[in-house]
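Below is one structure, written out as structure tokens, with a few remarks after it.
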Amino acid sequence: MSAQSKKAQLLARQLFKLSLENGALAPERVTGALAYLEQHRPANPLLVLRAYQRLVAIELARSAAVVEHAGSIADTVLQSLAGSFSARYHRPITATAVANPALIAGLRVRVGDDLYEASIAGQLAALAAAV
Amino acid sequence: MSTVLDQIEQEIAKLTSQAVKKNTGNIRTIADGVAKIDGLSDVMYNEMVQFPGGAIGIALNLEEDEVGCVILGDVSQLKEGDEVSTTGKLLSVPVGRELLGRAVDALGRPIDGKGPINAKETYPVEKIAPGIIVRKSVTQPLFTGIMAIDSMIPIGRGQRELIIGDRGTGKTTITIDTIINQAKINKVGLASGDPKFRPVYSIYVAIGQKNSNVVRTIASLEAAGALEYTIIVAATASDNPANQYIAPYAGASMGEWFMENGMDALIVYDDLSKHAVAYRQISLILKRPSGREAYPGDVFYLHSRLLERAARLDGKGSLTALPIIETLAGDVSAYIPTNVISITDGQIFLETDLFNQGIRPAVSVGLSVSRVGSSAQIKVTKQVGGKLKGELAQFRELAAFAQFGSDLDAKTKSQLDRGGRIVELFKQPAYNPISIELQAATLWAMQKGYYDNLDLKQVTAAAVSLREYLATRKDALLTKIRTKAALDAEIEAELKSAVDEWKATFAA
């Protein structure tokens, strides 16, 4: 990692920390951080913005449950999933549904880095790996 | 009963359809067997990470927003963006008797084409070395079958003895001889039916060696009938640095199984210089800060934690380690050699000059030492070889002065003559270890002056002839020396008459 890249990472991290309010990402603070970058343009704005975007994306993924499903899924199920994940992770989590027929049946839920596999495709893949 | 329960448990597991939780990440960059991964927020240090296509990685660098993993196995199919997941397990290798006679890779997978290994147990590759309380001091000998070593630099079970020297000085040969000697002793001991007999199983770990060298080593062991007591762990020069880094730890785990289960094992690390180089390569790619000779700061710990795993355990077995270090132009003061010298319990230094003079094994008596082995030496070796090291050291000093060609007094001349004979006596061909009883008889004959009236060039041949004579005609006497492990008046009288008989035939 070059010295320039290190400096960009450091600045991006500082901006990211300032974008949090009570441990959660605050949209108005993100706007403020972007305005700061506009006014005080760093030596390598592209690197800083890319690093900042990555950190924000990771944080957003942590508070969103992406529910992949093969068949149809009811809103009540989504709400129930959002509620149970919020309780499990001790932070508000919203659930969004994404259709994925490749799962055959069942669900696959991703919350940040965590993946919950409860699909037929997942079980078949595990079986194939075990054989 | 537990197997029945296990079967039921497996059936239950098949029926349950609970969601499986995995912690995942994505490959950000991949180069030279090292991947930088985004995500994996729950990964633990040294945890196994599953890559697509069955490749396994080990998490070595846990940074604020990325994880550095070394990949064991084929990296050619991996690409940026591939998903990886944690396993919650530490890297483990199969252990047990089932591995004896087999050649495996750094992960314990067979590479000899002899079919799968049905090992019942696995041990983690990284394990904390036994502590102070469970250890016992080294008191039992481990015979190498090399006269110069067994008589002057003895090795005990549980000891760590470094073998150090330039390239092509016979470092590997000494270790192969030692493994062959263990097999010979095992065969005799197991055939005798002695319940107190403790066989020594060997593990040879090849790190960064040429494939052809490993094949040659296996062939030598097989030819000598030693492969059945040996495990070969090979991470050759064509393997990636991660495999070369892991291989000695995998070998140590296999050796620890024998030690933990009340058996004795010997492990050879051939060699730790290449191991340090592989680790340096990984560390540099992981962007760890480099220090002297570009090695990372923890290169001492790399070897100390490995060699500390060799021990003799109270109420259990032992693991003896013979690490090898290759020096450049005989420089033992380089970084890695000094590190390993300070960790081990002594070193056998091999000199290029001696090797080129035809003195093989080319052991430098002055620079070689065994710090704990003397307490493991048996009485008979002490009786016949106790003063040899001093005499040889004196000889080397006098020989250096004698080169100036000045007039020498009679005492100096006799010392030089005797030293020359001892040097000749210690010459030994490769892959031909000598049993301890034959070593004792050879040295006893030296002590009693049986080679004194021979021409210097005849000494080696005379010693070989004496050993052949005793091995073929005086088996009972040799068994007595072996079992009593000391020379009493009765054995000495028998030995004298046997050597007199031989002398008459040899002179004729």
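The chains in the structure tokens are called A, B, ... from first to last as shown; in each chain the residues are counted from 1, and the ligands are counted from 1 in the order shown.
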Using only C-alpha atoms, find each residue of chain B with at least one atom at most 6 Å away from an atom of chain A; report its shortest atom-to-atom pair and that distance in Å (one decimal), sort the rows by chain and rising residue number, and return the result as CSV.
```
residue,atom,partner,partner_atom,distance
B:Ala19,CA,A:Ala118,CA,4.4
B:Val20,CA,A:Glu117,CA,5.0
B:Lys21,CA,A:Tyr116,CA,4.5
B:Lys22,CA,A:Leu115,CA,5.1
B:Asn23,CA,A:Asp114,CA,4.5
B:Thr24,CA,A:Asp113,CA,5.1
B:Gly39,CA,A:Asp113,CA,5.7
```
Using CA of Val200 (chain B) and CA of Asp166 (chain B) as the two end points, give the distance in Å to one decimal.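 Between CA of Val200 (chain B) and CA of Asp166 (chain B) the gap is 28.5 Å.
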Q: Considering only C-alpha atoms, return as a PyMOL selection string whatever protein or nucleic-acid residues lie within 12 Å of Ile180 (chain B), sequence-local ones (same chain, fewer than 6 positions apart) excluded.
A: chain B and resi 143-146+173-174+186-187+200-204+217-230+266+430-435
Close residues, region 128-139 of chain B itself excluded, 6 Å, only C-alpha atoms, min 2 positions apart in chain, as a PyMOL selection string
chain B and resi 156+308-309+312-314+375-376
